[in-house]
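**Student:** Structure file final_2.txt (compact mmCIF, C-alpha atoms) right here:
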```txt
# COMPACT_ATOMS: atom_id res chain seq x y z
CA MET A 52 113.95 -94.48 98.37
CA LYS A 53 113.49 -90.84 99.16
CA THR A 54 110.04 -89.54 100.00
CA PRO A 55 108.61 -86.19 101.08
CA TYR A 56 107.55 -85.96 104.73
CA ILE A 57 104.41 -84.21 105.91
CA TYR A 58 104.27 -82.46 109.29
CA PHE A 59 101.19 -81.83 111.44
CA GLY A 60 101.07 -79.67 114.54
CA THR A 61 98.04 -79.75 116.82
CA LYS A 62 95.13 -77.36 117.20
CA GLY A 63 92.38 -78.61 119.48
CA TYR A 64 88.83 -77.65 118.58
CA TRP A 65 85.52 -78.55 120.21
CA ASN A 66 82.25 -77.23 118.82
CA THR A 67 79.19 -78.18 120.86
CA PRO A 68 75.60 -77.00 121.38
CA GLY A 69 74.69 -74.86 124.38
CA VAL A 70 73.31 -76.55 127.48
CA THR A 71 70.55 -75.26 129.75
CA PRO A 72 72.07 -74.63 133.20
CA THR A 73 71.28 -76.75 136.20
CA SER A 74 71.91 -75.06 139.57
CA ASN A 75 73.32 -72.08 137.65
CA VAL A 76 75.99 -74.02 135.76
CA ALA A 77 75.93 -75.77 132.37
CA ALA A 78 78.17 -78.81 131.87
CA LEU A 79 79.05 -79.04 128.17
CA ALA A 80 79.17 -82.35 126.34
CA THR A 81 82.30 -84.33 127.19
CA PHE A 82 85.16 -84.11 124.71
CA SER A 83 88.31 -86.16 124.27
CA ILE A 84 91.56 -86.28 122.34
CA ALA A 85 89.74 -88.24 119.63
CA THR A 86 86.86 -85.79 119.29
CA ALA A 87 88.55 -82.48 120.08
CA GLY A 88 92.33 -82.88 119.98
CA LEU A 89 92.76 -81.57 123.50
CA LEU A 90 92.01 -82.32 127.12
CA THR A 91 92.22 -79.24 129.28
CA ALA A 92 93.97 -79.20 132.62
CA THR A 93 92.24 -78.27 135.86
CA LYS A 94 90.78 -74.77 135.87
CA ASN A 95 89.09 -73.43 138.96
CA ASN A 96 87.52 -70.06 139.76
CA SER A 97 90.91 -68.51 140.46
CA THR A 98 92.51 -69.49 137.12
CA ASP A 99 92.53 -66.57 134.69
CA PRO A 100 91.38 -67.90 131.28
CA THR A 101 93.59 -65.39 129.51
CA THR A 102 96.65 -67.26 130.83
CA LEU A 103 95.61 -70.49 129.12
CA GLY A 104 96.38 -71.78 125.63
CA TYR A 105 92.73 -72.22 124.75
CA ARG A 106 89.64 -70.06 124.90
CA VAL A 107 85.94 -70.74 125.38
CA LEU A 108 83.67 -68.81 123.03
CA HIS A 109 79.89 -68.48 123.24
CA TYR A 110 77.90 -67.98 120.04
CA ALA A 111 74.36 -66.72 120.60
CA GLY A 112 71.70 -68.65 118.72
CA ASP A 113 68.83 -67.01 120.58
CA ALA A 114 68.07 -63.41 121.59
CA VAL A 115 67.48 -63.29 125.34
CA ASP A 116 67.70 -60.21 127.59
CA ASP A 117 69.78 -59.97 130.77
CA THR A 118 71.82 -63.12 130.16
CA ARG A 119 75.41 -61.93 129.61
CA GLY A 120 77.90 -61.03 132.34
CA THR A 121 78.77 -57.37 132.66
CA ASP A 122 82.48 -58.05 131.98
CA TYR A 123 81.68 -58.63 128.32
CA THR A 124 81.03 -55.59 126.17
CA THR A 125 82.44 -56.33 122.69
CA ASP A 126 81.99 -59.03 120.08
CA PHE A 127 84.97 -61.38 119.73
CA VAL A 128 84.73 -61.66 115.93
CA ASN A 129 84.03 -58.11 114.75
CA GLY A 130 84.99 -56.09 117.81
CA LYS A 131 81.72 -54.15 117.84
CA LEU A 132 80.01 -53.13 121.06
CA PHE A 133 77.21 -55.45 122.14
CA ALA A 134 75.32 -52.26 123.02
CA GLY A 135 75.96 -50.80 119.56
CA GLY A 136 72.46 -51.62 118.42
CA THR A 137 71.34 -51.67 114.81
CA ALA A 138 74.06 -49.17 113.92
CA ALA A 139 76.60 -51.88 114.78
CA GLY A 140 74.76 -54.42 112.69
CA TRP A 141 72.83 -56.16 115.47
CA GLY A 142 69.17 -57.05 115.12
CA ALA A 143 67.90 -54.60 117.73
CA ASN A 144 68.95 -51.81 120.06
CA LYS A 145 69.75 -53.66 123.26
CA ASN A 146 71.97 -53.40 126.33
CA ALA A 147 75.36 -55.15 126.47
CA ASP A 148 74.00 -57.84 128.78
CA ASP A 149 71.26 -58.75 126.30
CA LYS A 150 72.18 -61.63 123.99
CA GLN A 151 71.44 -61.16 120.27
CA VAL A 152 71.71 -63.80 117.56
CA GLY A 153 75.18 -63.97 116.06
CA GLN A 154 77.02 -62.28 118.91
CA VAL A 155 80.22 -64.02 120.02
CA THR A 156 81.40 -63.69 123.62
CA ASN A 157 84.92 -64.68 124.66
CA LEU A 158 84.52 -66.00 128.20
CA THR A 159 87.53 -64.31 129.76
CA GLY A 160 86.11 -63.76 133.24
CA VAL A 161 88.13 -65.60 135.86
CA SER A 162 85.11 -67.50 137.18
CA ALA A 163 83.35 -67.86 133.80
CA TYR A 164 83.92 -71.61 133.57
CA LEU A 165 85.57 -74.58 135.22
CA SER A 166 87.47 -77.54 133.85
CA GLY A 167 88.32 -80.83 135.46
CA SER A 168 91.73 -82.42 135.16
CA ALA A 169 91.81 -83.76 131.62
CA ASN A 170 88.31 -85.18 132.03
CA GLY A 171 86.92 -83.41 128.97
CA VAL A 172 84.26 -81.49 130.87
CA ILE A 173 83.94 -77.71 130.83
CA THR A 174 81.25 -76.20 133.02
CA VAL A 175 80.05 -72.70 132.19
CA GLY A 176 78.39 -70.57 134.87
CA ASP A 177 75.37 -68.36 134.23
CA ASN A 178 75.19 -64.66 135.10
CA VAL A 179 73.78 -65.21 138.56
CA SER A 180 75.87 -64.93 141.71
CA SER A 181 75.33 -68.47 142.85
CA GLY A 182 76.46 -71.85 141.65
CA THR A 183 80.00 -73.18 141.38
CA ALA A 184 80.95 -70.89 138.47
CA GLY A 185 79.82 -67.61 136.97
CA THR A 186 78.79 -64.33 138.54
CA THR A 187 76.75 -61.35 137.36
CA ALA A 188 80.01 -60.15 135.81
CA THR A 189 81.54 -63.33 134.39
CA GLY A 190 78.76 -65.78 133.58
CA ILE A 191 76.48 -66.28 130.60
CA LEU A 192 73.05 -67.90 130.52
CA MET A 193 72.90 -70.36 127.63
CA THR A 194 70.08 -71.87 125.64
CA THR A 195 70.26 -75.02 123.55
CA ASN A 196 70.27 -72.98 120.34
CA ASP A 197 73.56 -71.39 121.36
CA THR A 198 76.95 -72.86 120.46
CA VAL A 199 80.11 -73.08 122.54
CA VAL A 200 83.51 -73.47 120.91
CA VAL A 201 86.61 -74.52 122.85
CA GLU A 202 89.51 -73.46 120.67
CA GLN A 203 93.23 -73.93 121.24
CA PHE A 204 95.15 -70.87 120.05
CA LYS A 205 98.74 -71.53 121.08
CA ARG A 206 101.02 -74.47 121.80
CA ASN A 207 102.26 -75.59 125.18
CA ASP A 208 99.49 -74.43 127.44
CA ALA A 209 99.66 -77.33 129.79
CA PRO A 210 102.66 -79.01 131.37
CA GLY A 211 103.58 -82.41 129.96
CA ASN A 212 102.30 -81.51 126.53
CA GLY A 213 103.47 -84.63 124.77
CA ALA A 214 101.58 -87.41 123.13
CA SER A 215 101.27 -89.45 126.28
CA ALA A 216 100.15 -86.57 128.47
CA GLY A 217 96.90 -86.16 126.57
CA GLU A 218 96.55 -82.45 127.15
CA LEU A 219 97.74 -80.02 124.49
CA SER A 220 100.08 -79.91 121.56
CA SER A 221 101.88 -82.83 120.12
CA CYS A 222 103.23 -82.95 116.58
CA TYR A 223 103.77 -85.66 114.00
CA ALA A 224 105.63 -86.22 110.75
CA TYR A 225 104.96 -89.05 108.32
CA PRO A 226 106.64 -90.21 105.12
CA MET A 227 104.16 -89.65 102.31
CA THR A 228 104.63 -93.31 101.39
CA ALA A 229 102.68 -94.05 104.61
CA PHE A 230 99.65 -92.03 103.45
CA ARG A 231 96.67 -94.36 103.02
CA GLY A 232 93.88 -92.00 101.97
CA ALA A 233 91.55 -89.14 102.89
CA ASN A 234 88.04 -89.78 104.16
CA PRO A 235 85.36 -87.05 104.40
CA VAL A 236 83.31 -87.37 107.59
CA ALA A 237 79.95 -85.77 108.42
CA TYR A 238 80.46 -82.82 110.77
CA ALA A 239 77.59 -80.37 110.13
CA LYS A 240 78.69 -77.62 112.50
CA THR A 241 79.22 -73.90 112.13
CA HIS A 242 82.27 -72.00 113.34
CA TYR A 243 81.70 -69.01 115.62
CA ASP A 244 82.37 -66.65 112.72
CA GLY A 245 79.52 -68.20 110.72
CA THR A 246 81.65 -70.46 108.50
CA VAL A 247 80.09 -73.87 107.86
CA LEU A 248 82.58 -76.64 108.64
CA ASP A 249 83.46 -80.11 107.35
CA GLN A 250 85.76 -82.83 108.70
CA THR A 251 88.30 -84.86 106.76
CA ASP A 252 90.31 -87.74 108.23
CA LEU A 253 93.76 -88.38 106.75
CA TYR A 254 94.88 -91.99 107.21
CA PHE A 255 98.51 -93.01 107.71
CA GLU A 256 100.15 -96.29 108.56
CA SER A 257 100.53 -96.47 112.31
CA THR A 258 103.77 -95.16 113.81
CA ASP A 259 103.77 -98.06 116.27
CA GLY A 260 103.76 -100.66 113.51
CA THR A 261 100.37 -102.10 114.41
CA ALA A 262 97.50 -102.68 112.03
CA THR A 263 95.46 -99.74 113.31
CA ASP A 264 95.98 -96.61 111.23
CA ASP A 265 96.87 -93.22 112.62
CA ILE A 266 94.31 -90.59 111.71
CA ILE A 267 95.03 -86.89 111.34
CA ARG A 268 91.66 -85.21 111.81
CA ILE A 269 91.19 -81.89 110.00
CA ILE A 270 88.25 -79.54 110.71
CA HIS A 271 88.00 -77.10 107.83
CA THR A 272 85.69 -74.90 105.78
CA ALA A 273 82.85 -76.85 104.16
CA ASN A 274 83.31 -78.21 100.62
CA LYS A 275 87.12 -78.03 100.77
CA TYR A 276 87.60 -81.79 100.58
CA PRO A 277 88.58 -81.71 96.86
CA ASP A 278 91.16 -79.01 97.54
CA LEU A 279 92.41 -80.89 100.59
CA VAL A 280 93.11 -84.09 98.68
CA LYS A 281 94.75 -82.11 95.87
CA THR A 282 96.96 -80.55 98.54
CA MET A 283 97.99 -84.01 99.73
CA GLU A 284 98.81 -84.98 96.16
CA ALA A 285 100.85 -81.80 95.72
CA ILE A 286 102.85 -82.53 98.88
CA ALA A 287 103.41 -86.16 97.87
CA ASN A 288 104.90 -85.02 94.58
CA CYS A 289 106.56 -81.78 95.70
CA GLY A 290 110.11 -83.10 95.42
CA ILE A 291 111.12 -81.58 98.78
CA TYR A 292 113.32 -84.07 100.61
CA ASN A 293 115.51 -81.99 102.92
CA ARG A 294 112.77 -80.97 105.35
CA ALA A 295 109.24 -81.92 106.35
CA VAL A 296 106.48 -79.99 104.60
CA THR A 297 104.19 -78.38 107.16
CA PHE A 298 100.52 -79.10 106.53
CA TYR A 299 99.46 -77.24 109.67
CA ASP A 300 101.28 -75.94 112.73
CA LEU A 301 100.52 -73.78 115.75
CA ASP A 302 103.47 -72.45 117.71
CA ILE A 303 104.07 -71.24 121.24
CA ASN A 304 103.23 -67.65 120.25
CA GLY A 305 100.01 -68.57 118.47
CA LEU A 306 101.54 -68.29 115.00
CA GLU A 307 99.89 -70.66 112.54
CA THR A 308 101.63 -72.18 109.50
CA PHE A 309 99.73 -73.69 106.58
CA ALA A 310 100.67 -75.65 103.50
CA GLY A 311 97.81 -73.86 101.76
CA GLY A 312 95.63 -75.41 99.11
CA PRO A 313 96.72 -77.33 96.01
CA SER A 314 99.06 -74.50 95.01
CA LEU A 315 100.84 -74.79 98.40
CA SER A 316 100.32 -71.07 98.86
CA GLY A 317 101.18 -71.01 102.56
CA ALA A 318 97.85 -69.34 103.37
CA ASN A 319 94.86 -70.92 105.10
CA ASP A 320 93.16 -71.74 101.79
CA LEU A 321 91.43 -74.78 103.33
CA GLY A 322 90.00 -72.81 106.26
CA ILE A 323 91.53 -75.11 108.90
CA VAL A 324 90.19 -74.51 112.41
CA GLY A 325 91.22 -77.82 114.00
CA CYS A 326 93.96 -80.42 113.47
CA TRP A 327 94.88 -83.34 115.68
CA ARG A 328 95.81 -87.00 115.71
CA THR A 329 93.70 -89.90 116.76
CA THR A 330 93.56 -93.56 115.77
CA ALA A 331 91.14 -95.64 113.73
CA MET B 88 118.34 -97.76 98.88
CA LYS B 89 120.20 -95.78 101.52
CA TYR B 90 120.67 -96.78 105.14
CA LEU B 91 120.73 -94.95 108.46
CA ILE B 92 122.89 -95.74 111.49
CA VAL B 93 122.46 -94.80 115.14
CA ASN B 94 124.72 -95.62 118.09
CA ASP B 95 123.97 -94.67 121.70
CA GLN B 96 127.19 -96.11 123.21
CA ALA B 97 130.13 -93.90 124.11
CA THR B 98 132.84 -96.58 124.18
CA LEU B 99 133.81 -99.05 121.49
CA THR B 100 134.05 -102.00 123.86
CA SER B 101 130.50 -101.55 125.07
CA MET B 102 128.97 -101.83 121.62
CA GLY B 103 127.48 -105.03 120.31
CA ALA B 104 124.56 -105.79 122.59
CA VAL B 105 120.92 -105.19 121.79
CA ASP B 106 119.47 -101.68 122.00
CA GLN B 107 122.81 -100.02 121.31
CA THR B 108 123.70 -99.73 117.64
CA PHE B 109 121.32 -100.03 114.74
CA MET B 110 121.32 -99.83 110.97
CA PHE B 111 118.06 -99.56 109.03
CA PRO B 112 116.91 -98.73 105.50
CA GLN B 113 115.40 -95.32 104.90
CA ASN B 114 112.08 -96.81 103.73
CA ARG B 115 111.43 -98.45 107.11
CA VAL B 116 110.63 -95.15 108.83
CA LEU B 117 107.06 -95.14 110.20
CA GLY B 118 107.02 -91.60 111.46
CA ILE B 119 108.36 -88.96 113.81
CA GLU B 120 106.40 -87.74 116.82
CA SER B 121 106.67 -85.45 119.78
CA ILE B 122 106.80 -87.19 123.16
CA ASN B 123 107.33 -84.27 125.51
CA ASP B 124 109.02 -80.87 125.61
CA THR B 125 112.53 -82.33 125.23
CA THR B 126 112.02 -85.64 123.44
CA THR B 127 111.11 -86.60 119.89
CA ASN B 128 110.84 -90.19 118.73
CA LEU B 129 111.82 -91.49 115.32
CA LEU B 130 109.89 -94.74 114.85
CA VAL B 131 110.91 -97.46 112.42
CA GLN B 132 109.38 -100.80 111.60
CA GLY B 133 110.52 -103.42 114.11
CA THR B 134 113.42 -105.70 113.31
CA ASN B 135 112.18 -108.63 115.37
CA ASP B 136 108.50 -107.97 114.75
CA VAL B 137 107.21 -106.15 111.69
CA ASP B 138 103.99 -105.45 113.58
CA ASP B 139 105.89 -103.45 116.17
CA GLU B 140 108.22 -100.47 116.14
CA ASP B 141 111.83 -99.76 117.06
CA THR B 142 112.23 -96.46 118.83
CA ILE B 143 115.01 -93.93 118.28
CA VAL B 144 114.82 -91.22 120.93
CA LEU B 145 116.13 -87.83 119.85
CA VAL B 146 116.66 -85.46 122.78
CA HIS B 147 116.54 -81.71 122.20
CA ALA B 148 116.33 -78.39 124.04
CA ASP B 149 113.09 -77.43 125.78
CA LYS B 150 110.51 -76.53 123.16
CA SER B 151 108.31 -74.86 125.77
CA ALA B 152 110.97 -72.18 126.35
CA ALA B 153 110.63 -69.04 124.28
CA ALA B 154 114.26 -69.09 123.14
CA THR B 155 114.13 -72.67 121.87
CA HIS B 156 110.51 -73.19 120.91
CA LYS B 157 111.40 -74.03 117.30
CA VAL B 158 114.03 -76.62 118.17
CA GLU B 159 111.84 -79.70 117.78
CA ARG B 160 110.46 -78.55 114.42
CA ASN B 161 113.99 -77.92 113.22
CA LEU B 162 115.15 -81.28 114.55
CA ILE B 163 112.42 -83.00 112.54
CA ASP B 164 113.74 -81.22 109.44
CA ASP B 165 117.25 -82.40 110.35
CA ALA B 166 116.05 -85.98 110.61
CA VAL B 167 114.11 -85.87 107.33
CA SER B 168 117.10 -84.41 105.54
CA ALA B 169 119.35 -87.18 106.88
CA ILE B 170 116.84 -89.93 106.09
CA ASN B 171 116.49 -88.71 102.50
CA SER B 172 120.21 -88.07 102.11
CA ASP B 173 121.91 -88.97 98.83
CA SER B 174 125.02 -90.16 100.66
CA ARG B 175 127.51 -91.65 98.21
CA LEU B 176 128.61 -94.04 100.95
CA GLY B 177 125.16 -95.58 100.95
CA PHE B 178 124.59 -94.79 104.60
CA THR B 179 124.14 -91.76 106.83
CA VAL B 180 124.90 -91.60 110.55
CA LEU B 181 121.97 -90.02 112.35
CA PHE B 182 123.85 -89.89 115.63
CA ASP B 183 126.84 -91.62 117.18
CA LEU B 184 127.77 -91.10 120.80
CA LEU B 185 131.19 -92.70 120.29
CA ASN B 186 132.26 -90.21 117.64
CA ASN B 187 130.18 -87.26 118.84
CA ILE B 188 128.08 -87.14 115.67
CA LYS B 189 124.57 -85.78 115.95
CA LEU B 190 121.86 -83.92 114.11
CA PRO B 191 122.28 -80.13 114.30
CA ASN B 192 119.38 -79.55 116.72
CA GLN B 193 119.86 -82.75 118.73
CA THR B 194 121.29 -83.24 122.21
CA LEU B 195 123.38 -86.42 122.30
CA ALA B 196 123.03 -87.08 126.02
CA GLY B 197 119.95 -89.22 126.51
CA SER B 198 119.43 -89.98 122.83
CA THR B 199 118.92 -93.73 122.55
CA TYR B 200 117.87 -96.64 120.41
CA THR B 201 115.48 -99.33 121.69
CA GLU B 202 114.41 -102.44 119.83
CA ASP B 203 110.85 -103.62 120.43
```
I need this file expressed as structure tokens, please.

**Tutor:**
Amino acid sequence: MKTPYIYFGTKGYWNTPGVTPTSNVAALATFSIATAGLLTATKNNSTDPTTLGYRVLHYAGDAVDDTRGTDYTTDFVNGKLFAGGTAAGWGANKNADDKQVGQVTNLTGVSAYLSGSANGVITVGDNVSSGTAGTTATGILMTTNDTVVVEQFKRNDAPGNGASAGELSSCYAYPMTAFRGANPVAYAKTHYDGTVLDQTDLYFESTDGTATDDIIRIIHTANKYPDLVKTMEAIANCGIYNRAVTFYDLDINGLETFAGGPSLSGANDLGIVGCWRTTA
Amino acid sequence: MKYLIVNDQATLTSMGAVDQTFMFPQNRVLGIESINDTTTNLLVQGTNDVDDEDTIVLVHADKSAAATHKVERNLIDDAVSAINSDSRLGFTVLFDLLNNIKLPNQTLAGSTYTED
């Protein structure tokens, strides 16, 4: 019997609280393929973050003076100058190196952070010229009220990007007859742009024939679960048999493709910020 | 029910052993997944063991290269179209090394079938 097929690309996403530095560096909580959809390759102090397929973003939860590296002058989300003061919408008139609540810093400095080889640990340096990462130009001093987001933004960052390599960017297609259900999971985190997030796990019969289901994990805007399951129903009954219907994809140029919501609009109606496969 | 056929042997006399030629119903497909930059696997429920999978390896151009970065996505569409085909014969040949039949975005060399 014919059945529609659903296609999932991968977008890794790791949202974790800030960590107080020890010896001028802060080791973030360990992530994995199951929890974040990516494992970054080795990055040392000579690896330019702008050459990678993921970025590390710092969201300020506290206002603290003299904590941001001098390389960083503009907000990643709204593009406004950190030194723009109240005229730019910030809480106070401060210098660019003074953290204010809500400011988002894209850690693009070459020595801003380190990563081990697919060990799930990213270490962020503070803005002091000592320690294994971070300088007065590239570091940022975190507090535990801050948030750090590791976000994949294009495919094929790392060599050996396939399913077995465990780094970045695999893709999967399933017959909709293999769909077993959608399970909302507590997530309770906020995206760096202020959007509250939820997690939904989509269950499919395993591609290796075993009894353990495959799970496609979706991180999306809060309260979109009803729309998400209606989208799955729409795809299951779409009558498209000559191609796989893309639920989410991220290509080599950073172009994202969405099924959309229940109307299959092709826009990011569900607010997807992360999509990856794991197992039950 | 329609059926799919794959053959990874280039000569008629070499066909007939295990892991060479395979026919399966379209509703036995478990999924399609990326393995690396040049390999995509089509996985079907095992013939010897229903709790295992048979693996059909579809080779393609390098999806990490700018000029061919869409090739794997297009190959998946090719495979889905063939699996869901309304062939009046009752079967569709996914690929056949002997007769040089392949999916549009597939590379025949290295494409294989393995029974688990």

**Student:** With only C-alpha atoms considered, list every residue of chain A at most 6 Å from chain B, as a list in words.

**Tutor:**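 Taken together, these residues fit the definition: Met52, Lys53, Asn212, Gly213, Ala214, Ser221, Cys222, Tyr223, Ala224, Tyr225, Thr258, Asp259, Gly260, Thr261, Tyr292, Asn293, Arg294 and Ala295 of chain A.
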
**Student:** Could you write out that same residue set with C-alpha atoms as a PDB file, in the coordinates of the input?

**Tutor:**
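That gives us out_15.pdb:
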```
ATOM      1  CA  MET A  52     113.950 -94.480  98.370  1.00  0.00           C
ATOM      2  CA  LYS A  53     113.490 -90.840  99.160  1.00  0.00           C
ATOM      3  CA  ASN A 212     102.300 -81.510 126.530  1.00  0.00           C
ATOM      4  CA  GLY A 213     103.470 -84.630 124.770  1.00  0.00           C
ATOM      5  CA  ALA A 214     101.580 -87.410 123.130  1.00  0.00           C
ATOM      6  CA  SER A 221     101.880 -82.830 120.120  1.00  0.00           C
ATOM      7  CA  CYS A 222     103.230 -82.950 116.580  1.00  0.00           C
ATOM      8  CA  TYR A 223     103.770 -85.660 114.000  1.00  0.00           C
ATOM      9  CA  ALA A 224     105.630 -86.220 110.750  1.00  0.00           C
ATOM     10  CA  TYR A 225     104.960 -89.050 108.320  1.00  0.00           C
ATOM     11  CA  THR A 258     103.770 -95.160 113.810  1.00  0.00           C
ATOM     12  CA  ASP A 259     103.770 -98.060 116.270  1.00  0.00           C
ATOM     13  CA  GLY A 260     103.760-100.660 113.510  1.00  0.00           C
ATOM     14  CA  THR A 261     100.370-102.100 114.410  1.00  0.00           C
ATOM     15  CA  TYR A 292     113.320 -84.070 100.610  1.00  0.00           C
ATOM     16  CA  ASN A 293     115.510 -81.990 102.920  1.00  0.00           C
ATOM     17  CA  ARG A 294     112.770 -80.970 105.350  1.00  0.00           C
ATOM     18  CA  ALA A 295     109.240 -81.920 106.350  1.00  0.00           C
TER      19      ALA A 295
END
```

**Student:** Please provide as a list of chain:residue names all residues within 6 Å of region 108-123 of chain A, with the sequence filter that same-chain residues fewer than 2 positions apart are discarded (counting all atoms listed in the file).

**Tutor:** A:Asp148, A:Asp149, A:Lys150, A:Gln151, A:Val152, A:Gly153, A:Gln154, A:Val155, A:Thr156, A:Asn157, A:Leu158, A:Asn178, A:Thr187, A:Ala188, A:Thr189, A:Gly190, A:Ile191, A:Leu192, A:Asn196, A:Asp197, A:Thr198, A:Val199, A:Val200, A:Tyr243

**Student:** Pick from B:Thr199, B:Thr155, B:Met110, B:Asn135: nearest to Phe178 (chain B), with only C-alpha atoms counted?

**Tutor:**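 Comparing B:Thr199, B:Thr155, B:Met110, B:Asn135 against Phe178 (chain B), the winner is B:Met110.
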
**Student:** Return as JSON the box centre and box size in Å, one decimal, for an axis-aligned box around all listed atoms of region 166-179 of chain A padded by 5 Å per side.

**Tutor:**
```
{"center_x": 82.8, "center_y": -74.9, "center_z": 133.8, "size_x": 28.0, "size_y": 30.5, "size_z": 19.6}
```

**Student:** Can you pull out every residue within 9 Å of Ala233 (chain A), counting all atoms listed in the file, but drop anything in the same chain fewer than 6 positions away, and send it as number ranges by chain?

**Tutor:** A: 251-254, 276, 279-280, 283

**Student:** Which residues are close to region 185-194 of chain B, i.e. within 7 Å by only C-alpha atoms, leaving aside same-chain residues fewer than 6 positions away? Reply as a PyMOL selection string.

**Tutor:** chain B and resi 96-99+145-147+158+161-162+165

**Student:** Looking at A:Pro55, A:Gly171, A:Pro68, A:Gly160, which one is nearest to Gly185 (chain A), with distances taken over all atoms listed in the file?

**Tutor:**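 Answer, going by the shortest atom-to-atom distance: A:Gly160.
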
**Student:** Give me, please, the distance in Å between CA of Leu181 (chain B) and CA of Ala287 (chain A), quoted to one decimal.

**Tutor:**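 Interatomic distance, CA of Leu181 (chain B) to CA of Ala287 (chain A): 23.9 Å.
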
**Student:** Provide the CA of Phe82 (chain A) to CA of Phe204 (chain A) distance in Å, to one decimal place.

**Tutor:** 17.2 Å

**Student:** Here is a test: counting all atoms listed in the file, which residue of A:Leu132, A:Leu306, A:Ile270, A:Ala239 is nearest to Asn146 (chain A)?

**Tutor:**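 Closest candidate: A:Leu132.
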
**Student:** Between A:Asp300, A:Glu202, A:Asp320, A:Asp177, which is the closest to Tyr64 (chain A) once you count only C-alpha atoms?

**Tutor:**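 Checking each of A:Asp300, A:Glu202, A:Asp320, A:Asp177 against Tyr64 (chain A), counting only C-alpha atoms, the winner is A:Glu202.
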